[in-house]
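K.L.:
For reference, the file my_file19.cif (mmCIF, C-alpha atoms) is included below:
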data_my_file
loop_
_atom_site.group_PDB
_atom_site.id
_atom_site.type_symbol
_atom_site.label_atom_id
_atom_site.label_comp_id
_atom_site.auth_asym_id
_atom_site.auth_seq_id
_atom_site.Cartn_x
_atom_site.Cartn_y
_atom_site.Cartn_z
ATOM 1 C CA MET N 1 82.905 142.480 86.313
ATOM 2 C CA LYS N 2 79.196 143.309 86.582
ATOM 3 C CA SER N 3 76.947 141.479 84.128
ATOM 4 C CA LEU N 4 74.115 143.075 82.185
ATOM 5 C CA SER N 5 70.554 142.009 82.786
ATOM 6 C CA LYS N 6 68.220 141.449 79.873
ATOM 7 C CA PHE N 7 66.274 144.655 80.469
ATOM 8 C CA ALA N 8 69.486 146.707 80.626
ATOM 9 C CA LEU N 9 70.509 145.376 77.225
ATOM 10 C CA VAL N 10 67.055 146.255 75.836
ATOM 11 C CA GLY N 11 67.562 149.796 77.104
ATOM 12 C CA LEU N 12 71.061 149.917 75.659
ATOM 13 C CA LEU N 13 69.767 148.957 72.262
ATOM 14 C CA ALA N 14 67.322 151.840 72.417
ATOM 15 C CA LEU N 15 69.870 154.314 73.812
ATOM 16 C CA SER N 16 73.067 153.818 71.911
ATOM 17 C CA PRO N 17 73.872 151.540 69.000
ATOM 18 C CA MET N 18 77.604 152.136 69.564
ATOM 19 C CA VAL N 19 77.486 151.139 73.230
ATOM 20 C CA ALA N 20 75.185 148.218 72.481
ATOM 21 C CA ALA N 21 77.587 146.938 69.832
ATOM 22 C CA ASN N 22 80.433 147.037 72.334
ATOM 23 C CA LEU N 23 78.415 145.183 74.929
ATOM 24 C CA SER N 24 76.544 142.662 72.791
ATOM 25 C CA GLY N 25 78.361 139.719 74.336
ATOM 26 C CA ALA N 26 78.246 140.977 77.897
ATOM 27 C CA VAL N 27 74.856 139.599 78.920
ATOM 28 C CA ALA N 28 75.591 136.843 81.397
ATOM 29 C CA ALA N 29 72.410 136.558 83.416
ATOM 30 C CA GLY N 30 68.833 137.742 83.218
ATOM 31 C CA ARG N 31 66.561 139.300 85.776
ATOM 32 C CA PRO N 32 64.172 136.760 87.300
ATOM 33 C CA GLU N 33 60.541 137.111 86.369
ATOM 34 C CA SER N 34 58.687 138.831 89.170
ATOM 35 C CA PRO N 35 55.761 141.185 89.416
ATOM 36 C CA GLY N 36 56.756 144.775 90.097
ATOM 37 C CA ASN N 37 55.495 146.326 93.282
ATOM 38 C CA SER N 38 56.658 148.656 95.970
ATOM 39 C CA GLU N 39 56.052 146.232 98.841
ATOM 40 C CA SER N 40 59.729 145.749 99.620
ATOM 41 C CA ALA N 41 60.283 149.509 99.582
ATOM 42 C CA HIS N 42 57.562 149.827 102.211
ATOM 43 C CA GLU N 43 59.145 147.010 104.190
ATOM 44 C CA ASN N 44 62.517 148.747 103.966
ATOM 45 C CA ALA N 45 61.002 152.019 105.127
ATOM 46 C CA GLY N 46 60.137 150.374 108.409
ATOM 47 C CA SER N 47 63.376 148.471 108.816
ATOM 48 C CA GLU N 48 65.119 148.280 112.121
ATOM 49 C CA ASN N 49 67.897 150.458 110.757
ATOM 50 C CA SER N 50 65.523 153.364 110.283
ATOM 51 C CA ASN N 51 64.032 155.535 112.971
ATOM 52 C CA GLY N 52 60.706 155.541 111.101
ATOM 53 C CA ASN N 53 60.749 159.195 110.082
ATOM 54 C CA GLY N 54 63.113 158.869 107.150
ATOM 55 C CA ASN N 55 66.037 160.370 109.031
ATOM 56 C CA GLY N 56 67.708 157.116 109.991
ATOM 57 C CA THR N 57 70.731 155.599 108.374
ATOM 58 C CA GLY N 58 68.940 152.445 107.213
ATOM 59 C CA ASN N 59 67.085 151.545 104.051
ATOM 60 C CA GLY N 60 64.060 153.647 105.010
ATOM 61 C CA SER N 61 66.060 156.813 104.665
ATOM 62 C CA VAL N 62 67.767 155.571 101.519
ATOM 63 C CA ALA N 63 64.440 154.481 99.995
ATOM 64 C CA SER N 64 63.041 157.918 100.760
ATOM 65 C CA LYS N 65 66.020 159.643 99.152
ATOM 66 C CA ALA N 66 65.750 157.345 96.127
ATOM 67 C CA GLY N 67 62.485 159.037 95.184
ATOM 68 C CA GLY N 68 61.518 157.947 91.672
ATOM 69 C CA GLY N 69 64.351 155.435 91.733
ATOM 70 C CA ASN N 70 62.006 153.167 93.665
ATOM 71 C CA ALA N 71 60.394 152.509 90.280
ATOM 72 C CA ALA N 72 63.254 150.037 89.877
ATOM 73 C CA HIS N 73 60.848 147.577 91.522
ATOM 74 C CA ALA N 74 59.063 147.272 88.163
ATOM 75 C CA SER N 75 59.047 143.898 86.481
ATOM 76 C CA GLU N 76 61.312 143.130 83.543
ATOM 77 C CA GLN N 77 58.345 143.423 81.202
ATOM 78 C CA GLY N 78 57.300 146.707 82.801
ATOM 79 C CA LEU N 79 60.806 148.080 82.352
ATOM 80 C CA ALA N 80 60.965 146.884 78.746
ATOM 81 C CA HIS N 81 57.655 148.467 77.748
ATOM 82 C CA ALA N 82 57.652 151.672 79.807
ATOM 83 C CA SER N 83 57.452 155.033 78.094
ATOM 84 C CA ASP N 84 60.805 156.817 78.018
ATOM 85 C CA LYS N 85 59.122 159.765 79.762
ATOM 86 C CA SER N 86 57.740 157.671 82.644
ATOM 87 C CA MET N 87 59.722 157.122 85.828
ATOM 88 C CA VAL N 88 60.054 153.417 85.005
ATOM 89 C CA GLY N 89 61.385 154.372 81.571
ATOM 90 C CA LYS N 90 63.865 156.758 83.190
ATOM 91 C CA VAL N 91 64.979 153.959 85.527
ATOM 92 C CA ARG N 92 65.438 151.697 82.489
ATOM 93 C CA ALA N 93 67.593 154.355 80.817
ATOM 94 C CA TYR N 94 69.681 154.718 83.984
ATOM 95 C CA ALA N 95 70.082 150.936 84.267
ATOM 96 C CA ALA N 96 71.267 150.636 80.670
ATOM 97 C CA LEU N 97 73.764 153.463 81.047
ATOM 98 C CA ASP N 98 75.013 152.120 84.378
ATOM 99 C CA ALA N 99 75.444 148.670 82.857
ATOM 100 C CA ALA N 100 77.480 150.176 80.016
ATOM 101 C CA VAL N 101 79.795 151.938 82.458
ATOM 102 C CA GLU N 102 80.031 149.078 84.943
ATOM 103 C CA SER N 103 80.659 146.423 82.294
ATOM 104 C CA GLY N 104 84.232 147.644 82.099
ATOM 105 C CA GLU N 105 84.271 147.527 78.311
ATOM 106 C CA LEU N 106 84.574 151.283 77.927
ATOM 107 C CA GLN N 107 87.380 151.403 80.493
ATOM 108 C CA GLN N 108 89.067 148.479 78.731
ATOM 109 C CA ALA N 109 88.905 150.405 75.460
ATOM 110 C CA VAL N 110 90.705 153.311 77.166
ATOM 111 C CA THR N 111 93.310 150.952 78.630
ATOM 112 C CA ASP N 112 93.883 149.274 75.253
ATOM 113 C CA ALA N 113 94.170 152.635 73.474
ATOM 114 C CA GLN N 114 96.599 153.869 76.134
ATOM 115 C CA THR N 115 98.729 150.744 75.648
ATOM 116 C CA ASP N 116 98.770 151.272 71.874
ATOM 117 C CA PHE N 117 99.719 154.920 72.360
ATOM 118 C CA ASP N 118 102.467 154.033 74.859
ATOM 119 C CA ASP N 119 103.836 151.406 72.461
ATOM 120 C CA ALA N 120 103.904 153.948 69.617
ATOM 121 C CA TYR N 121 105.392 156.732 71.762
ATOM 122 C CA PRO N 122 107.339 155.143 74.648
ATOM 123 C CA ASP N 123 109.356 158.327 75.156
ATOM 124 C CA PHE N 124 106.358 160.704 75.018
ATOM 125 C CA ASP N 125 107.403 162.604 78.160
ATOM 126 C CA ASP N 126 110.820 163.318 76.615
ATOM 127 C CA LEU N 127 109.388 164.743 73.384
ATOM 128 C CA THR N 128 109.229 168.458 72.653
ATOM 129 C CA GLU N 129 105.835 170.167 72.875
ATOM 130 C CA GLU N 130 105.581 170.101 69.083
ATOM 131 C CA GLU N 131 106.421 166.387 68.941
ATOM 132 C CA GLN N 132 103.916 165.677 71.729
ATOM 133 C CA ALA N 133 101.243 167.559 69.784
ATOM 134 C CA GLU N 134 102.042 165.456 66.706
ATOM 135 C CA ALA N 135 101.864 162.270 68.803
ATOM 136 C CA LEU N 136 98.493 163.276 70.229
ATOM 137 C CA ASP N 137 97.276 163.974 66.692
ATOM 138 C CA SER N 138 98.415 160.535 65.498
ATOM 139 C CA PRO N 139 95.930 157.701 64.930
ATOM 140 C CA GLU N 140 96.949 156.234 68.320
ATOM 141 C CA GLY N 141 96.470 159.590 70.044
ATOM 142 C CA GLN N 142 93.105 160.133 68.399
ATOM 143 C CA ALA N 143 91.977 156.610 69.327
ATOM 144 C CA LEU N 144 92.950 157.244 72.947
ATOM 145 C CA ALA N 145 91.105 160.571 73.004
ATOM 146 C CA ALA N 146 88.009 158.993 71.448
ATOM 147 C CA ALA N 147 87.991 156.084 73.912
ATOM 148 C CA GLN N 148 88.369 158.453 76.868
ATOM 149 C CA ALA N 149 85.639 160.729 75.503
ATOM 150 C CA ALA N 150 83.276 157.745 75.124
ATOM 151 C CA LEU N 151 83.908 156.693 78.727
ATOM 152 C CA ASP N 152 83.485 160.242 80.025
ATOM 153 C CA GLU N 153 80.271 160.676 78.044
ATOM 154 C CA ALA N 154 78.849 157.384 79.323
ATOM 155 C CA VAL N 155 79.662 158.289 82.938
ATOM 156 C CA GLY N 156 78.141 161.753 82.477
ATOM 157 C CA ASP N 157 75.012 160.331 80.840
ATOM 158 C CA ARG N 158 74.690 157.709 83.592
ATOM 159 C CA ASP N 159 75.056 160.332 86.316
ATOM 160 C CA ALA N 160 72.496 162.594 84.617
ATOM 161 C CA ALA N 161 70.065 159.684 84.310
ATOM 162 C CA LEU N 162 70.516 158.908 88.017
ATOM 163 C CA ALA N 163 69.903 162.564 88.896
ATOM 164 C CA ALA N 164 66.660 162.436 86.877
ATOM 165 C CA ILE N 165 65.251 159.638 89.056
ATOM 166 C CA THR N 166 66.506 160.366 92.551
ATOM 167 C CA LYS N 167 66.421 163.100 95.163
ATOM 168 C CA SER N 168 69.992 162.547 96.288
ATOM 169 C CA ASP N 169 73.540 162.147 95.047
ATOM 170 C CA ASP N 170 74.342 159.935 98.054
ATOM 171 C CA PRO N 171 76.295 156.857 96.848
ATOM 172 C CA ALA N 172 74.105 154.730 99.136
ATOM 173 C CA VAL N 173 71.084 155.746 97.057
ATOM 174 C CA LYS N 174 72.806 154.586 93.858
ATOM 175 C CA ALA N 175 73.691 151.302 95.571
ATOM 176 C CA TYR N 176 70.079 150.919 96.742
ATOM 177 C CA ILE N 177 68.681 151.493 93.233
ATOM 178 C CA ASP N 178 71.285 149.173 91.725
ATOM 179 C CA ALA N 179 70.280 146.474 94.241
ATOM 180 C CA LEU N 180 66.611 146.871 93.278
ATOM 181 C CA LEU N 181 67.534 146.470 89.622
ATOM 182 C CA ALA N 182 69.589 143.360 90.382
ATOM 183 C CA ASP N 183 66.607 141.596 91.980
#
Using the file provided, produce a representation of the structure as structure tokens.

P.N.:
Amino acid sequence: MKSLSKFALVGLLALSPMVAANLSGAVAAGRPESPGNSESAHENAGSENSNGNGNGTGNGSVASKAGGGNAAHASEQGLAHASDKSMVGKVRAYAALDAAVESGELQQAVTDAQTDFDDAYPDFDDLTEEEQAEALDSPEGQALAAAQAALDEAVGDRDAALAAITKSDDPAVKAYIDALLAD
């Protein structure tokens, strides 16, 4: 399970009290103190895996596609104090949302709600349509729907936040930005 960094938790607190409450115990490690700069992005742009013009398959191409996501190089303090409208602030919002999704707590809530629903209605598939509708309207059914909606919303918000900072929906770009945030 992925652990939350300190700056991701700060962003979570600002973004969603409900998500933050669910994740309050999930912080396992902090981000090391380091000055933010784009030096490593420039080093990656000239890596041996890139052909130098941004069309290679190495980090240079990925760093180019990451666009504003390269602001993930900012220091922990820079991330914590950035304006929500700045690129660093947008990266912080993405990091917090990604941490919420990747923590597994939202998925676990869905799994737990599904187990409760299955325990309450073990023969759900054999019920009539009317009985199924009643089961779905039960407290267990409503809890399952709410847990799934929370997960879906978090994934959608995370994906929208990623789209706001990057030029690409390439999974390698997400991995690149996530690696920068993990430094």

K.L.:
Determine, counting all atoms listed in the file, every residue of protein, DNA or RNA that lies within 12 Å of (74.2, 160.5, 94.6) in the file coordinates, then give the result as a ChimeraX atom specification.

P.N.:
/N:62,65-67,69,158-177

K.L.:
Any chance you could tabulate, as CSV, the residues of region 75-105 of chain N at most 12 Å from region 140-152 of chain N with each one's nearest atom pair and distance in Å to one decimal, using only C-alpha atoms, in chain and rising number order?

P.N.:
residue,atom,partner,partner_atom,distance
N:Leu97,CA,N:Leu151,CA,10.9
N:Asp98,CA,N:Leu151,CA,11.5
N:Ala100,CA,N:Leu151,CA,9.2
N:Val101,CA,N:Leu151,CA,7.3
N:Glu102,CA,N:Leu151,CA,10.6
N:Ser103,CA,N:Leu151,CA,11.3
N:Gly104,CA,N:Leu151,CA,9.7
N:Glu105,CA,N:Leu151,CA,9.2

K.L.:
I'd like the residues picked by the PyMOL selection byres ((chain N and resi 89) around 12) written out as a PyMOL selection string, using the chain letters and numbers from the file.

P.N.:
chain N and resi 7-8+10-11+14-15+68-69+71-72+74-88+90-96+161+164-165

K.L.:
Quick check, in Å to one decimal: how far apart do CA of Ala113 (chain N) and CA of Ala154 (chain N) lie?

P.N.:
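These two atoms are separated by 17.1 Å.
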
K.L.:
Enclose the full set of atoms of region 84-98 of chain N listed in the file within a box whose edges lie along x, y and z, apply 4 Å of padding to each of the six sides, and report centre and edge lengths in Å to one decimal as lines of an AutoDock Vina configuration file.

P.N.:
center_x = 66.4
center_y = 155.2
center_z = 81.9
size_x = 25.3
size_y = 17.1
size_z = 15.8

K.L.:
For CA of Pro139 (chain N) and CA of Asp126 (chain N), quote the distance in Å rounded to one decimal.

P.N.:
19.7 Å

K.L.:
One decimal, in Å: what's the spacing between CA of Glu134 (chain N) and CA of Val155 (chain N)?

P.N.:
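Those two atoms sit 28.6 Å apart.
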
K.L.:
Which residue out of N:Ser61, N:Gln107, N:Gln114, N:Asn70 has the minimum interatomic distance to Glu153 (chain N) when only C-alpha atoms are used?

P.N.:
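Of the candidates, the smallest distance to Glu153 (chain N) is held by N:Gln107.
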
K.L.:
Check the smallest atom-to-atom distance from each of N:Ala63, N:Ala109, N:Ala99, N:Phe117 to Ser138 (chain N) using only C-alpha atoms, then report the winner.

P.N.:
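That would be N:Phe117, the residue with the smallest distance to Ser138 (chain N).
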
K.L.:
Output region 162-173 of chain N as a PDB file, in the frame of the given file, making sure all heavy atoms are there.

P.N.:
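Resulting contents of selection-v1.pdb:
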ATOM      1  N   LEU N 162      70.746 159.155  86.589  1.00  0.00           N
ATOM      2  CA  LEU N 162      70.516 158.908  88.017  1.00  0.00           C
ATOM      3  C   LEU N 162      69.919 160.148  88.671  1.00  0.00           C
ATOM      4  O   LEU N 162      68.975 160.048  89.464  1.00  0.00           O
ATOM      5  CB  LEU N 162      71.814 158.500  88.714  1.00  0.00           C
ATOM      6  CG  LEU N 162      71.714 158.195  90.205  1.00  0.00           C
ATOM      7  CD1 LEU N 162      70.760 157.019  90.453  1.00  0.00           C
ATOM      8  CD2 LEU N 162      73.089 157.892  90.775  1.00  0.00           C
ATOM      9  N   ALA N 163      70.424 161.320  88.332  1.00  0.00           N
ATOM     10  CA  ALA N 163      69.903 162.564  88.896  1.00  0.00           C
ATOM     11  C   ALA N 163      68.439 162.784  88.503  1.00  0.00           C
ATOM     12  O   ALA N 163      67.678 163.382  89.260  1.00  0.00           O
ATOM     13  CB  ALA N 163      70.754 163.747  88.443  1.00  0.00           C
ATOM     14  N   ALA N 164      68.040 162.271  87.342  1.00  0.00           N
ATOM     15  CA  ALA N 164      66.660 162.436  86.877  1.00  0.00           C
ATOM     16  C   ALA N 164      65.672 161.567  87.654  1.00  0.00           C
ATOM     17  O   ALA N 164      64.475 161.814  87.614  1.00  0.00           O
ATOM     18  CB  ALA N 164      66.565 162.126  85.390  1.00  0.00           C
ATOM     19  N   ILE N 165      66.168 160.548  88.358  1.00  0.00           N
ATOM     20  CA  ILE N 165      65.251 159.638  89.056  1.00  0.00           C
ATOM     21  C   ILE N 165      65.363 159.691  90.569  1.00  0.00           C
ATOM     22  O   ILE N 165      64.560 159.066  91.256  1.00  0.00           O
ATOM     23  CB  ILE N 165      65.436 158.179  88.590  1.00  0.00           C
ATOM     24  CG1 ILE N 165      66.827 157.660  88.915  1.00  0.00           C
ATOM     25  CG2 ILE N 165      65.100 158.038  87.123  1.00  0.00           C
ATOM     26  CD1 ILE N 165      67.022 156.174  88.660  1.00  0.00           C
ATOM     27  N   THR N 166      66.312 160.405  91.112  1.00  0.00           N
ATOM     28  CA  THR N 166      66.506 160.366  92.551  1.00  0.00           C
ATOM     29  C   THR N 166      66.571 161.766  93.148  1.00  0.00           C
ATOM     30  O   THR N 166      66.824 162.738  92.450  1.00  0.00           O
ATOM     31  CB  THR N 166      67.772 159.568  92.920  1.00  0.00           C
ATOM     32  OG1 THR N 166      67.875 159.491  94.328  1.00  0.00           O
ATOM     33  CG2 THR N 166      69.022 160.204  92.365  1.00  0.00           C
ATOM     34  N   LYS N 167      66.373 161.834  94.442  1.00  0.00           N
ATOM     35  CA  LYS N 167      66.421 163.100  95.163  1.00  0.00           C
ATOM     36  C   LYS N 167      67.786 163.355  95.791  1.00  0.00           C
ATOM     37  O   LYS N 167      67.966 164.331  96.490  1.00  0.00           O
ATOM     38  CB  LYS N 167      65.382 163.084  96.290  1.00  0.00           C
ATOM     39  CG  LYS N 167      63.963 162.899  95.848  1.00  0.00           C
ATOM     40  CD  LYS N 167      63.055 162.783  97.055  1.00  0.00           C
ATOM     41  CE  LYS N 167      61.638 162.472  96.636  1.00  0.00           C
ATOM     42  NZ  LYS N 167      60.772 162.306  97.803  1.00  0.00           N
ATOM     43  N   SER N 168      68.732 162.470  95.564  1.00  0.00           N
ATOM     44  CA  SER N 168      69.992 162.547  96.288  1.00  0.00           C
ATOM     45  C   SER N 168      71.154 162.076  95.432  1.00  0.00           C
ATOM     46  O   SER N 168      70.998 161.213  94.584  1.00  0.00           O
ATOM     47  CB  SER N 168      69.896 161.667  97.541  1.00  0.00           C
ATOM     48  OG  SER N 168      71.122 161.564  98.192  1.00  0.00           O
ATOM     49  N   ASP N 169      72.328 162.640  95.702  1.00  0.00           N
ATOM     50  CA  ASP N 169      73.540 162.147  95.047  1.00  0.00           C
ATOM     51  C   ASP N 169      74.350 161.273  95.998  1.00  0.00           C
ATOM     52  O   ASP N 169      75.508 160.977  95.749  1.00  0.00           O
ATOM     53  CB  ASP N 169      74.384 163.299  94.500  1.00  0.00           C
ATOM     54  CG  ASP N 169      74.865 164.255  95.578  1.00  0.00           C
ATOM     55  OD1 ASP N 169      74.508 164.085  96.759  1.00  0.00           O
ATOM     56  OD2 ASP N 169      75.614 165.189  95.237  1.00  0.00           O
ATOM     57  N   ASP N 170      73.721 160.822  97.072  1.00  0.00           N
ATOM     58  CA  ASP N 170      74.342 159.935  98.054  1.00  0.00           C
ATOM     59  C   ASP N 170      74.677 158.600  97.375  1.00  0.00           C
ATOM     60  O   ASP N 170      73.818 157.983  96.759  1.00  0.00           O
ATOM     61  CB  ASP N 170      73.360 159.712  99.206  1.00  0.00           C
ATOM     62  CG  ASP N 170      73.885 158.841 100.329  1.00  0.00           C
ATOM     63  OD1 ASP N 170      74.929 158.184 100.156  1.00  0.00           O
ATOM     64  OD2 ASP N 170      73.239 158.819 101.389  1.00  0.00           O
ATOM     65  N   PRO N 171      75.929 158.140  97.469  1.00  0.00           N
ATOM     66  CA  PRO N 171      76.295 156.857  96.848  1.00  0.00           C
ATOM     67  C   PRO N 171      75.452 155.686  97.371  1.00  0.00           C
ATOM     68  O   PRO N 171      75.241 154.714  96.650  1.00  0.00           O
ATOM     69  CB  PRO N 171      77.767 156.672  97.232  1.00  0.00           C
ATOM     70  CG  PRO N 171      78.263 158.043  97.532  1.00  0.00           C
ATOM     71  CD  PRO N 171      77.088 158.806  98.067  1.00  0.00           C
ATOM     72  N   ALA N 172      74.953 155.789  98.597  1.00  0.00           N
ATOM     73  CA  ALA N 172      74.105 154.730  99.136  1.00  0.00           C
ATOM     74  C   ALA N 172      72.796 154.631  98.357  1.00  0.00           C
ATOM     75  O   ALA N 172      72.231 153.546  98.217  1.00  0.00           O
ATOM     76  CB  ALA N 172      73.827 154.967 100.620  1.00  0.00           C
ATOM     77  N   VAL N 173      72.315 155.750  97.853  1.00  0.00           N
ATOM     78  CA  VAL N 173      71.084 155.746  97.057  1.00  0.00           C
ATOM     79  C   VAL N 173      71.331 155.026  95.731  1.00  0.00           C
ATOM     80  O   VAL N 173      70.521 154.211  95.302  1.00  0.00           O
ATOM     81  CB  VAL N 173      70.562 157.181  96.828  1.00  0.00           C
ATOM     82  CG1 VAL N 173      69.394 157.199  95.860  1.00  0.00           C
ATOM     83  CG2 VAL N 173      70.162 157.814  98.154  1.00  0.00           C
TER      84      VAL N 173
END
